[in-house]
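Coordinates as given in input.txt (compact mmCIF, C-alpha atoms):
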# COMPACT_ATOMS: atom_id res chain seq x y z
CA MET A 1 24.97 47.92 -22.59
CA ILE A 2 24.37 49.19 -19.06
CA LEU A 3 27.11 47.96 -16.73
CA PRO A 4 26.14 46.67 -13.27
CA PRO A 5 26.79 48.71 -10.12
CA LEU A 6 30.36 48.69 -8.81
CA SER A 7 31.63 48.24 -5.25
CA LEU A 8 35.06 48.14 -3.62
CA TYR A 9 36.29 45.47 -1.22
CA VAL A 10 39.54 46.06 0.70
CA HIS A 11 41.04 43.12 2.60
CA PHE A 12 43.03 43.36 5.84
CA PRO A 13 44.48 39.88 6.41
CA TRP A 14 45.64 39.84 10.04
CA CYS A 15 43.86 38.78 13.24
CA VAL A 16 45.08 38.51 16.82
CA ALA A 17 44.36 34.78 16.58
CA LYS A 18 42.95 32.55 13.84
CA CYS A 19 39.45 31.35 14.74
CA PRO A 20 39.22 27.55 14.40
CA TYR A 21 36.11 27.71 12.18
CA CYS A 22 37.49 30.34 9.78
CA ASP A 23 38.49 29.43 6.21
CA PHE A 24 39.01 33.04 5.07
CA ASN A 25 42.42 34.40 4.08
CA SER A 26 43.37 35.53 7.58
CA HIS A 27 46.65 35.16 9.45
CA ALA A 28 47.46 35.27 13.15
CA LEU A 29 49.59 38.32 13.93
CA ARG A 30 52.82 36.98 15.42
CA GLU A 31 54.88 40.15 15.29
CA GLU A 32 54.36 43.88 14.98
CA LEU A 33 51.63 44.87 12.54
CA PRO A 34 53.28 46.15 9.31
CA GLU A 35 50.69 48.91 9.12
CA SER A 36 52.51 51.48 7.00
CA GLN A 37 53.95 48.92 4.58
CA TYR A 38 50.56 47.30 4.04
CA ILE A 39 48.76 50.62 3.54
CA GLU A 40 51.37 51.60 0.93
CA ALA A 41 50.66 48.32 -0.90
CA LEU A 42 46.91 49.03 -0.79
CA GLU A 43 47.52 52.51 -2.22
CA ARG A 44 49.49 51.01 -5.13
CA ASP A 45 46.78 48.40 -5.68
CA LEU A 46 44.03 51.04 -5.74
CA ALA A 47 45.96 53.12 -8.27
CA PHE A 48 46.53 50.08 -10.49
CA GLN A 49 42.91 48.88 -10.38
CA SER A 50 41.49 52.30 -11.12
CA GLU A 51 41.81 51.42 -14.81
CA LEU A 52 39.31 48.59 -14.31
CA ALA A 53 36.80 50.98 -12.78
CA GLY A 54 37.20 53.93 -15.12
CA ALA A 55 34.69 56.63 -14.26
CA ARG A 56 32.08 54.23 -12.89
CA PRO A 57 30.79 55.32 -9.46
CA ILE A 58 31.61 53.15 -6.45
CA LEU A 59 28.36 52.67 -4.51
CA SER A 60 29.88 50.92 -1.46
CA VAL A 61 33.21 50.23 0.20
CA PHE A 62 33.77 47.27 2.53
CA LEU A 63 36.87 47.09 4.71
CA GLY A 64 36.98 43.42 5.67
CA GLY A 65 39.28 40.79 7.01
CA GLY A 66 40.83 39.46 8.97
CA THR A 67 40.46 42.25 11.47
CA PRO A 68 40.56 45.75 9.95
CA SER A 69 40.09 47.27 13.42
CA LEU A 70 43.69 46.24 14.20
CA PHE A 71 44.63 49.19 11.98
CA SER A 72 44.61 52.72 13.32
CA ALA A 73 42.00 55.26 12.27
CA SER A 74 44.75 57.22 10.50
CA ALA A 75 45.62 54.13 8.43
CA ILE A 76 41.97 53.65 7.50
CA ALA A 77 41.81 57.33 6.56
CA ARG A 78 44.80 56.85 4.23
CA VAL A 79 43.08 53.96 2.47
CA LEU A 80 39.83 55.86 2.02
CA SER A 81 41.70 58.95 0.86
CA ALA A 82 43.49 56.85 -1.78
CA ALA A 83 40.16 55.34 -2.84
CA HIS A 84 38.74 58.83 -3.35
CA ARG A 85 41.87 59.91 -5.19
CA HIS A 86 41.88 57.04 -7.68
CA LEU A 87 38.19 56.07 -7.92
CA ASN A 88 34.83 57.77 -8.30
CA ILE A 89 33.43 57.12 -4.81
CA ALA A 90 29.76 58.12 -4.70
CA ALA A 91 28.93 60.93 -2.29
CA ASP A 92 26.43 58.69 -0.47
CA ALA A 93 28.57 55.53 -0.58
CA GLU A 94 28.11 53.03 2.22
CA VAL A 95 31.52 52.55 3.89
CA THR A 96 31.65 49.53 6.21
CA LEU A 97 34.42 48.57 8.63
CA GLU A 98 34.55 45.09 10.14
CA ALA A 99 35.55 45.22 13.79
CA ASN A 100 36.36 42.66 16.45
CA PRO A 101 35.03 43.87 19.82
CA GLY A 102 38.29 42.72 21.39
CA THR A 103 40.54 44.88 19.20
CA VAL A 104 38.85 48.28 19.34
CA GLU A 105 40.16 50.75 21.89
CA ARG A 106 37.59 52.84 23.72
CA GLY A 107 36.67 55.94 21.74
CA ARG A 108 38.28 54.84 18.47
CA PHE A 109 34.93 54.48 16.67
CA ALA A 110 34.60 58.27 16.65
CA GLU A 111 37.97 58.43 14.89
CA TYR A 112 36.93 55.81 12.33
CA ARG A 113 33.80 57.84 11.62
CA ALA A 114 35.93 60.96 11.11
CA ALA A 115 38.06 58.91 8.67
CA GLY A 116 34.98 58.24 6.52
CA VAL A 117 33.46 55.05 7.92
CA ASN A 118 29.64 55.24 8.17
CA ARG A 119 28.77 51.62 8.92
CA VAL A 120 30.38 49.01 11.18
CA SER A 121 30.05 45.23 11.35
CA LEU A 122 30.81 43.79 14.80
CA GLY A 123 31.90 40.16 15.01
CA GLY A 124 29.97 39.30 18.16
CA GLN A 125 29.14 35.64 17.27
CA SER A 126 27.64 34.85 20.71
CA PHE A 127 26.96 36.33 24.14
CA ASP A 128 27.79 33.06 25.90
CA ALA A 129 31.35 33.22 27.24
CA ARG A 130 31.76 29.45 26.98
CA GLN A 131 30.73 29.45 23.34
CA LEU A 132 33.07 32.34 22.56
CA LYS A 133 35.94 30.35 24.06
CA ALA A 134 34.98 27.28 22.01
CA LEU A 135 34.89 29.45 18.88
CA GLY A 136 38.35 30.81 19.60
CA ARG A 137 37.12 34.39 19.93
CA ILE A 138 39.33 36.82 21.86
CA HIS A 139 36.54 39.07 23.14
CA SER A 140 34.00 38.77 25.94
CA PRO A 141 30.25 39.45 25.86
CA ALA A 142 30.88 42.62 27.86
CA GLU A 143 33.30 43.89 25.21
CA THR A 144 30.65 43.48 22.51
CA GLN A 145 28.23 45.43 24.68
CA ARG A 146 30.79 48.20 25.28
CA ALA A 147 31.61 48.35 21.56
CA ALA A 148 27.93 48.80 20.71
CA ALA A 149 27.60 51.57 23.30
CA GLU A 150 30.63 53.31 21.80
CA LEU A 151 29.16 53.02 18.31
CA HIS A 152 26.01 54.79 19.47
CA ALA A 153 28.08 57.44 21.23
CA ALA A 154 30.08 58.01 18.02
CA GLY A 155 26.89 58.40 15.97
CA LEU A 156 27.55 55.15 14.08
CA THR A 157 24.08 53.77 14.64
CA ASN A 158 24.09 51.90 11.32
CA PHE A 159 25.90 48.81 12.56
CA ASN A 160 25.63 45.06 12.18
CA ILE A 161 26.19 42.32 14.74
CA ASP A 162 27.30 38.89 13.54
CA LEU A 163 25.65 36.00 15.39
CA MET A 164 26.21 32.28 14.94
CA TYR A 165 23.66 29.60 15.74
CA ALA A 166 23.66 25.80 16.00
CA LEU A 167 26.74 26.04 18.18
CA PRO A 168 28.01 22.99 20.13
CA GLY A 169 25.33 21.91 22.60
CA GLN A 170 23.11 24.89 21.78
CA ASP A 171 19.33 24.61 21.79
CA ALA A 172 16.66 27.09 20.68
CA ALA A 173 16.39 28.66 24.14
CA ALA A 174 20.12 29.39 24.29
CA ALA A 175 20.15 30.76 20.73
CA LEU A 176 17.24 33.04 21.57
CA ILE A 177 19.19 34.46 24.52
CA ASP A 178 21.92 35.47 22.05
CA VAL A 179 19.32 37.11 19.80
CA GLU A 180 17.74 39.00 22.73
CA GLN A 181 21.10 40.30 23.92
CA ALA A 182 21.96 41.43 20.39
CA LEU A 183 18.62 43.21 19.99
CA ALA A 184 19.17 44.98 23.31
CA LEU A 185 22.17 46.74 21.73
CA ALA A 186 19.91 48.36 19.08
CA PRO A 187 21.78 47.39 15.92
CA ALA A 188 20.36 48.23 12.49
CA HIS A 189 21.33 44.86 11.01
CA LEU A 190 21.94 41.29 12.15
CA SER A 191 23.85 38.58 10.32
CA HIS A 192 22.63 35.24 11.66
CA TYR A 193 24.40 32.26 10.22
CA GLN A 194 24.86 28.62 11.07
CA LEU A 195 28.20 27.33 12.30
CA THR A 196 29.53 25.00 9.63
CA ILE A 197 32.75 23.00 9.66
CA GLU A 198 34.85 23.94 6.65
CA ALA A 199 37.58 21.72 5.23
CA GLY A 200 41.10 22.75 6.15
CA THR A 201 40.14 24.57 9.35
CA ALA A 202 41.25 23.69 12.87
CA LEU A 203 37.65 22.79 13.68
CA ALA A 204 37.64 20.21 10.88
CA ALA A 205 40.65 18.51 12.44
CA ASN A 206 38.83 18.16 15.78
CA PRO A 207 35.11 18.62 15.05
CA PRO A 208 32.74 19.25 17.96
CA ALA A 209 29.29 17.69 18.24
CA LEU A 210 26.89 20.14 16.60
CA PRO A 211 23.07 20.11 16.74
CA ALA A 212 21.46 17.74 14.24
CA ASP A 213 19.89 19.21 11.11
CA ASP A 214 16.36 19.07 12.54
CA ALA A 215 17.46 20.80 15.74
CA ALA A 216 19.34 23.47 13.76
CA ALA A 217 16.21 24.09 11.69
CA GLN A 218 14.15 24.53 14.87
CA ILE A 219 16.72 26.99 16.24
CA LEU A 220 16.61 29.00 13.02
CA GLU A 221 12.81 29.07 12.98
CA ALA A 222 12.61 30.28 16.59
CA CYS A 223 15.22 32.99 16.04
CA GLN A 224 13.68 34.13 12.78
CA ARG A 225 10.28 34.44 14.46
CA ARG A 226 11.77 36.59 17.23
CA LEU A 227 13.64 38.81 14.77
CA THR A 228 10.47 39.32 12.76
CA GLU A 229 8.65 40.37 15.94
CA ALA A 230 11.45 42.91 16.52
CA HIS A 231 10.89 44.33 12.99
CA PHE A 232 14.04 42.81 11.51
CA ALA A 233 13.09 41.54 8.07
CA ARG A 234 14.97 38.63 6.56
CA TYR A 235 16.12 39.80 3.14
CA GLU A 236 18.87 37.25 2.48
CA VAL A 237 19.59 33.69 3.63
CA SER A 238 21.52 34.84 6.71
CA ALA A 239 20.80 38.58 6.95
CA TYR A 240 18.10 40.59 8.75
CA ALA A 241 17.66 44.34 8.85
CA ARG A 242 15.43 47.13 10.00
CA ALA A 243 13.69 48.81 7.08
CA GLY A 244 16.16 50.79 4.98
CA PHE A 245 19.28 49.31 6.62
CA GLU A 246 19.96 46.35 4.34
CA CYS A 247 23.68 46.08 3.57
CA ARG A 248 24.12 47.74 0.17
CA HIS A 249 27.54 46.20 -0.35
CA ASN A 250 26.32 42.64 0.12
CA LEU A 251 23.19 43.31 -1.93
CA ASN A 252 25.45 44.23 -4.82
CA TYR A 253 27.16 40.84 -4.51
CA TRP A 254 23.86 38.95 -4.44
CA ARG A 255 22.52 40.91 -7.43
CA PHE A 256 25.61 39.87 -9.40
CA GLY A 257 27.05 43.36 -9.42
CA ASP A 258 30.71 44.17 -9.99
CA TYR A 259 33.40 44.79 -7.38
CA LEU A 260 37.09 45.57 -7.20
CA GLY A 261 39.09 43.35 -4.86
CA VAL A 262 42.03 45.15 -3.25
CA GLY A 263 44.38 43.64 -0.67
CA ALA A 264 46.03 40.29 0.03
CA GLY A 265 43.87 37.46 -1.30
CA ALA A 266 41.05 39.80 -2.40
CA HIS A 267 38.85 38.74 -5.31
CA GLY A 268 37.19 41.00 -7.85
CA LYS A 269 34.54 40.74 -10.58
CA ILE A 270 34.39 43.20 -13.47
CA THR A 271 32.02 43.31 -16.45
CA ARG A 272 33.67 44.84 -19.49
CA GLY A 273 32.66 45.68 -23.05
CA SER A 274 29.71 44.28 -24.92
CA GLY A 275 28.19 40.86 -24.35
CA ALA A 276 28.61 41.02 -20.58
CA ALA A 277 32.18 39.63 -20.66
CA ILE A 278 33.02 39.02 -16.99
CA THR A 279 36.56 38.94 -15.63
CA ARG A 280 37.54 37.54 -12.25
CA THR A 281 40.66 38.81 -10.47
CA ALA A 282 42.51 37.53 -7.43
CA GLN A 283 45.40 39.13 -5.55
CA TRP A 284 48.34 37.31 -3.97
CA ARG A 285 47.11 35.61 -0.78
CA GLU A 286 50.23 35.70 1.38
CA PRO A 287 50.53 39.19 2.91
CA ARG A 288 54.30 39.53 2.59
CA ARG A 289 54.24 38.46 -1.04
CA TYR A 290 51.38 40.88 -1.69
CA MET A 291 53.29 43.76 -0.09
CA SER A 292 56.47 43.05 -2.07
CA ALA A 293 54.86 42.28 -5.45
CA ALA A 294 53.94 44.71 -8.18
CA PRO A 295 50.24 45.63 -7.94
CA VAL A 296 49.21 43.12 -10.62
CA ALA A 297 46.57 40.50 -9.89
CA GLN A 298 47.85 36.96 -9.42
CA THR A 299 45.02 35.73 -11.66
CA HIS A 300 42.97 37.57 -14.24
CA SER A 301 40.56 35.32 -16.14
CA GLN A 302 37.32 35.55 -18.05
CA VAL A 303 34.33 33.57 -16.78
CA ALA A 304 33.19 30.99 -19.35
CA ALA A 305 29.63 31.41 -20.60
CA ARG A 306 28.73 27.91 -19.41
CA ASP A 307 29.58 28.92 -15.81
CA LEU A 308 27.55 32.13 -15.75
CA PRO A 309 24.13 30.62 -14.92
CA PHE A 310 25.54 28.91 -11.82
CA GLU A 311 27.51 31.96 -10.73
CA PHE A 312 24.47 34.20 -11.10
CA MET A 313 22.13 31.82 -9.26
CA LEU A 314 24.69 31.16 -6.49
CA ASN A 315 24.25 34.81 -5.59
CA ALA A 316 20.74 35.81 -6.66
CA LEU A 317 18.93 32.87 -5.06
CA ARG A 318 20.24 33.92 -1.64
CA LEU A 319 17.83 36.87 -1.75
CA VAL A 320 14.38 36.40 -0.24
CA ASP A 321 12.92 38.57 -3.02
CA GLY A 322 14.93 36.78 -5.69
CA PHE A 323 15.64 38.54 -8.96
CA GLU A 324 14.00 39.93 -12.07
CA ILE A 325 14.33 37.77 -15.17
CA ASP A 326 15.57 40.83 -17.08
CA SER A 327 18.46 41.16 -14.63
CA PHE A 328 19.65 37.62 -15.43
CA GLU A 329 19.92 38.56 -19.09
CA ALA A 330 21.50 41.95 -18.37
CA ARG A 331 24.11 40.66 -15.89
CA THR A 332 25.11 37.49 -17.77
CA GLY A 333 24.49 38.45 -21.42
CA LEU A 334 22.62 35.16 -21.83
CA PRO A 335 19.00 34.70 -22.95
CA TRP A 336 16.52 33.46 -20.34
CA ARG A 337 15.99 30.26 -22.33
CA THR A 338 19.48 29.23 -21.16
CA VAL A 339 18.03 28.41 -17.71
CA ALA A 340 14.27 28.24 -18.40
CA ASP A 341 14.07 24.45 -18.23
CA GLU A 342 16.06 24.25 -15.00
CA VAL A 343 13.92 26.96 -13.39
CA ALA A 344 10.74 25.19 -14.47
CA GLY A 345 11.99 21.98 -12.86
CA LEU A 346 12.70 23.79 -9.59
CA VAL A 347 9.24 25.36 -9.69
CA ARG A 348 7.73 21.86 -9.97
CA ARG A 349 9.81 20.78 -6.97
CA GLY A 350 8.59 23.73 -4.92
CA LEU A 351 12.02 25.31 -4.52
CA ILE A 352 11.40 28.40 -6.69
CA GLU A 353 8.43 30.64 -7.49
CA ALA A 354 8.33 32.29 -10.95
CA ASN A 355 5.72 34.59 -12.46
CA GLY A 356 7.26 35.47 -15.81
CA GLU A 357 8.95 38.61 -14.53
CA ARG A 358 10.60 37.56 -11.24
CA CYS A 359 12.00 34.40 -9.68
CA ARG A 360 12.41 33.92 -5.97
CA PRO A 361 13.26 31.02 -3.69
CA THR A 362 10.39 29.59 -1.68
CA ALA A 363 10.76 29.06 2.06
CA LEU A 364 11.64 25.46 1.21
CA GLY A 365 14.12 26.67 -1.39
CA LEU A 366 15.91 28.89 1.13
CA SER A 367 16.24 25.90 3.45
CA PHE A 368 17.55 23.65 0.66
CA LEU A 369 19.43 26.22 -1.40
CA ASN A 370 22.23 23.86 -2.40
CA ASP A 371 19.68 21.46 -3.90
CA ALA A 372 18.33 24.28 -6.04
CA LEU A 373 21.81 25.40 -7.11
CA LEU A 374 22.74 21.92 -8.30
CA ALA A 375 20.38 22.41 -11.24
CA PHE A 376 22.71 25.08 -12.65
CA VAL A 377 26.10 23.41 -12.15
CA PRO A 378 27.74 22.48 -15.50
CA GLU A 379 28.09 18.69 -15.53
CA SER A 380 31.83 18.80 -16.16
CA ALA A 381 32.34 21.18 -13.22
CA ALA A 382 29.96 19.58 -10.73
CA ALA A 383 32.61 17.97 -8.54
CA THR A 384 34.56 21.21 -8.24
CA GLU A 385 31.57 23.46 -7.59
CA LEU A 386 29.90 21.28 -4.96
CA SER A 387 32.60 22.00 -2.40
CA ALA A 388 32.32 25.76 -2.98
CA MET A 389 28.57 25.74 -2.46
CA SER A 390 28.80 25.24 1.30
CA THR A 391 29.05 29.02 1.77
CA ALA A 392 25.54 29.40 0.34
CA SER A 393 23.84 27.26 2.98
Using structure tokens, write down the structure that the file contains.
Amino acid sequence: MILPPLSLYVHFPWCVAKCPYCDFNSHALREELPESQYIEALERDLAFQSELAGARPILSVFLGGGTPSLFSASAIARVLSAAHRHLNIAADAEVTLEANPGTVERGRFAEYRAAGVNRVSLGGQSFDARQLKALGRIHSPAETQRAAAELHAAGLTNFNIDLMYALPGQDAAAALIDVEQALALAPAHLSHYQLTIEAGTALAANPPALPADDAAAQILEACQRRLTEAHFARYEVSAYARAGFECRHNLNYWRFGDYLGVGAGAHGKITRGSGAAITRTAQWREPRRYMSAAPVAQTHSQVAARDLPFEFMLNALRLVDGFEIDSFEARTGLPWRTVADEVAGLVRRGLIEANGERCRPTALGLSFLNDALLAFVPESAAATELSAMSTAS
């Protein structure tokens, strides 16, 4: 059997402050950053997980968080050096660093590039100072603009800007101003996603008034039209890129590829042996426990065959171009007949298009993705999976 492509995700769990909408494994930094201790733990983790990868090439590396740009360029260089030492990193691997515009010192992007980073994702979120304050962001619009200028100066022109829409009190005109200001910075990629209130976050405890669903849909339509005019093609539910600059790391997720998860709270997915047996791993979430523990995953479990159709579709139906039917069989080890009836039902409802070789979500399907995904949730797991599906909206 041909194994799927393999990526590497490395998690950096600290931020200057915890954003009120964030439900990721991130922790406000309340004392000195334990940079050296954490990097040593990552090095041990990489060495341990190299057995899972074997000689398979790593096509992309994503340094995410949290706020990886709190760490020095020399620390990032140590992590990437360890990755090269223990894993088969492809010569042309995409290496992305997430960066908060408020935590990057002037000129440091050139040092990150020298360390091996060739793509950056800037958490801009908005260019409206009032909205940034409401979102709990520590940076200003001017800092995002300066960070983009420094990226260009460092030769890191392959960069993404994160933008949120449907913010409190926002209308289409205000959202379009954010899009225009982002485009003015000449990024290669834009992530454009709707603000949602996740359970357990500070925002959930004191939720603001957000635009109604119809208004949010109008905002998205207006922004999508403008991005298309600017030659940014929508290739995934919340991602737009200039031709050739789609995020390879995220595409591997959506195509149900494999990935190692290194760092506090990081998750991994590995296909092993015949029959597409898929194992999920998860590291200790709490940073101090992760740093003090042996580099063994907290959980290490095989995905049940009944869950594979949902897990595959949760990813693949995010893509505008969808997926080839052959890839469903190759990535899950299941015959197409396993989901043929469900797909046919979604075709009748106008949520999916299928031609015998490829399935893709329709425009309606992209707007109502959760409705489509419900068709693949095992009945006994429906209550559990429904809460997790919010990230696919």
- Query: At what distance in Å, to one decimal, does atom CA of Arg137 of chain A lie from atom CA of Leu33 of chain A?
  - Reply: 19.4 Å
- Message: Neighbouring residues of Val104 of chain A were defined as those with any atom within 12 Å, considering all atoms listed in the file; residues of the same chain fewer than 2 positions away were excluded. Please report them as a PyMOL selection string.
- Response: chain A and resi 16+67-73+97-102+106-112+120+122-123+138-139+143-144+146-148+150-151
- By how many Å are atom CA of Trp254 of chain A and atom CA of Asn370 of chain A apart?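 Computing it gives 15.3 Å between the two atoms.
You will find atom CA of Leu167 of chain A at 16.6 Å from atom CA of Ser140 of chain A.
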- Item | Neighbour residues at most 12 Å from (20.1, 33.8, 23.6) (only C-alpha atoms) as a ChimeraX atom specification | /A:125-129,131,141,163-167,170-184,219,222-223,226
- A:Ala266, A:Ala115, A:Leu319, A:Ala90 ranked by distance to Leu42 of chain A, top pick (using only C-alpha atoms):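 Result for the nearest residue to Leu42 of chain A: A:Ala266.
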- Item | Pick from A:Leu314, A:Leu29, A:Ala83, A:Cys247 nearest to Phe159 of chain A, counting all atoms listed in the file |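 For Phe159 of chain A, the nearest of the given residues is A:Cys247.
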- Find, counting only C-alpha atoms, the residue in A:Arg280, A:Arg78, A:Arg318, A:Arg44 that gets nearest to Arg360 of chain A. A:Arg318
- Item | Selection near Leu308 of chain A, 10 Å with only C-alpha atoms, sequence-local residues under 3 positions removed, as a list in words | Ile278, Val303, Ala304, Ala305, Glu311, Phe312, Met313, Leu314, Phe328, Arg331, Thr332, Gly333, Leu334, Phe376, Val377 and Pro378 of chain A
- Could you name the residues that touch Arg56 of chain A at 12 Å or less, counting only C-alpha atoms, but leaving out those on the same chain fewer than 6 positions away, as JSON, numbers by chain? {"A": [2, 3, 4, 5, 6, 7, 8, 50, 86, 87, 88, 89, 90, 258, 259, 260, 270, 271, 272]}
- For Glu246 of chain A, please output as a list in words all residues within 9 Å (counting only C-alpha atoms; exclusion window: fewer than 4 positions along the same chain). Ala188, His189, Tyr235, Ala239, Tyr240, Ala241, Arg242, Asn250 and Leu251 of chain A
- Item | For Gly169 of chain A, the nearest of the candidates A:Lys133, A:Leu210, A:Leu366, A:Thr157, counting all atoms listed in the file |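 Using all atoms listed in the file, Gly169 of chain A sits closest to A:Leu210.
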- Query: When distances are computed from only C-alpha atoms, which of A:Gly124, A:His249, A:Val296, A:Asn160 shows the smallest separation from Ser60 of chain A?
  - Reply: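 Among A:Gly124, A:His249, A:Val296, A:Asn160, it is A:His249 that comes nearest to Ser60 of chain A.
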- In file coordinates, which residues lie within 12 Å of (16.4, 35.2, 1.6) using all atoms listed in the file, given as an NGL selection string? :A and (191-192 or 224 or 233-241 or 251 or 254 or 315-323 or 352 or 360-369 or 392-393)
Is it possible to add N, CA and C atoms to segment 38-61 of chain A and hand it back as a tab-separated table (two decimals), keeping the file's coordinate frame?
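Dumped to rebuild-v4.tsv:
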chain	number	residue	atom	x	y	z
A	38	TYR	N	51.75	47.88	4.65
A	38	TYR	CA	50.56	47.30	4.04
A	38	TYR	C	49.69	48.40	3.41
A	39	ILE	N	49.55	49.52	4.09
A	39	ILE	CA	48.76	50.62	3.54
A	39	ILE	C	49.37	51.13	2.24
A	40	GLU	N	50.70	51.20	2.18
A	40	GLU	CA	51.37	51.60	0.93
A	40	GLU	C	51.05	50.63	-0.20
A	41	ALA	N	51.00	49.32	0.12
A	41	ALA	CA	50.66	48.32	-0.90
A	41	ALA	C	49.20	48.49	-1.36
A	42	LEU	N	48.31	48.78	-0.42
A	42	LEU	CA	46.91	49.03	-0.79
A	42	LEU	C	46.80	50.26	-1.70
A	43	GLU	N	47.55	51.29	-1.39
A	43	GLU	CA	47.52	52.51	-2.22
A	43	GLU	C	47.97	52.20	-3.65
A	44	ARG	N	49.03	51.39	-3.79
A	44	ARG	CA	49.49	51.01	-5.13
A	44	ARG	C	48.43	50.18	-5.85
A	45	ASP	N	47.81	49.27	-5.11
A	45	ASP	CA	46.78	48.40	-5.68
A	45	ASP	C	45.59	49.22	-6.17
A	46	LEU	N	45.15	50.18	-5.36
A	46	LEU	CA	44.03	51.04	-5.74
A	46	LEU	C	44.35	51.83	-7.01
A	47	ALA	N	45.56	52.35	-7.08
A	47	ALA	CA	45.96	53.12	-8.27
A	47	ALA	C	45.95	52.23	-9.50
A	48	PHE	N	46.46	51.00	-9.36
A	48	PHE	CA	46.53	50.08	-10.49
A	48	PHE	C	45.13	49.67	-10.95
A	49	GLN	N	44.24	49.37	-10.01
A	49	GLN	CA	42.91	48.88	-10.38
A	49	GLN	C	41.95	49.98	-10.82
A	50	SER	N	42.36	51.22	-10.69
A	50	SER	CA	41.49	52.30	-11.12
A	50	SER	C	41.17	52.20	-12.61
A	51	GLU	N	42.06	51.60	-13.38
A	51	GLU	CA	41.81	51.42	-14.81
A	51	GLU	C	40.62	50.50	-15.05
A	52	LEU	N	40.44	49.51	-14.17
A	52	LEU	CA	39.31	48.59	-14.31
A	52	LEU	C	37.99	49.30	-14.04
A	53	ALA	N	38.02	50.28	-13.16
A	53	ALA	CA	36.80	50.98	-12.78
A	53	ALA	C	36.45	52.10	-13.74
A	54	GLY	N	37.45	52.77	-14.27
A	54	GLY	CA	37.20	53.93	-15.12
A	54	GLY	C	36.47	55.00	-14.32
A	55	ALA	N	35.45	55.57	-14.92
A	55	ALA	CA	34.69	56.63	-14.26
A	55	ALA	C	33.45	56.11	-13.55
A	56	ARG	N	33.28	54.80	-13.53
A	56	ARG	CA	32.08	54.23	-12.89
A	56	ARG	C	32.03	54.60	-11.41
A	57	PRO	N	30.88	54.98	-10.89
A	57	PRO	CA	30.79	55.32	-9.46
A	57	PRO	C	30.87	54.08	-8.59
A	58	ILE	N	31.52	54.21	-7.46
A	58	ILE	CA	31.61	53.15	-6.45
A	58	ILE	C	30.49	53.39	-5.45
A	59	LEU	N	29.53	52.45	-5.37
A	59	LEU	CA	28.36	52.67	-4.51
A	59	LEU	C	28.60	52.24	-3.07
A	60	SER	N	29.60	51.37	-2.83
A	60	SER	CA	29.88	50.92	-1.46
A	60	SER	C	31.33	50.51	-1.34
A	61	VAL	N	31.85	50.64	-0.13
A	61	VAL	CA	33.21	50.23	0.20
A	61	VAL	C	33.10	49.33	1.43
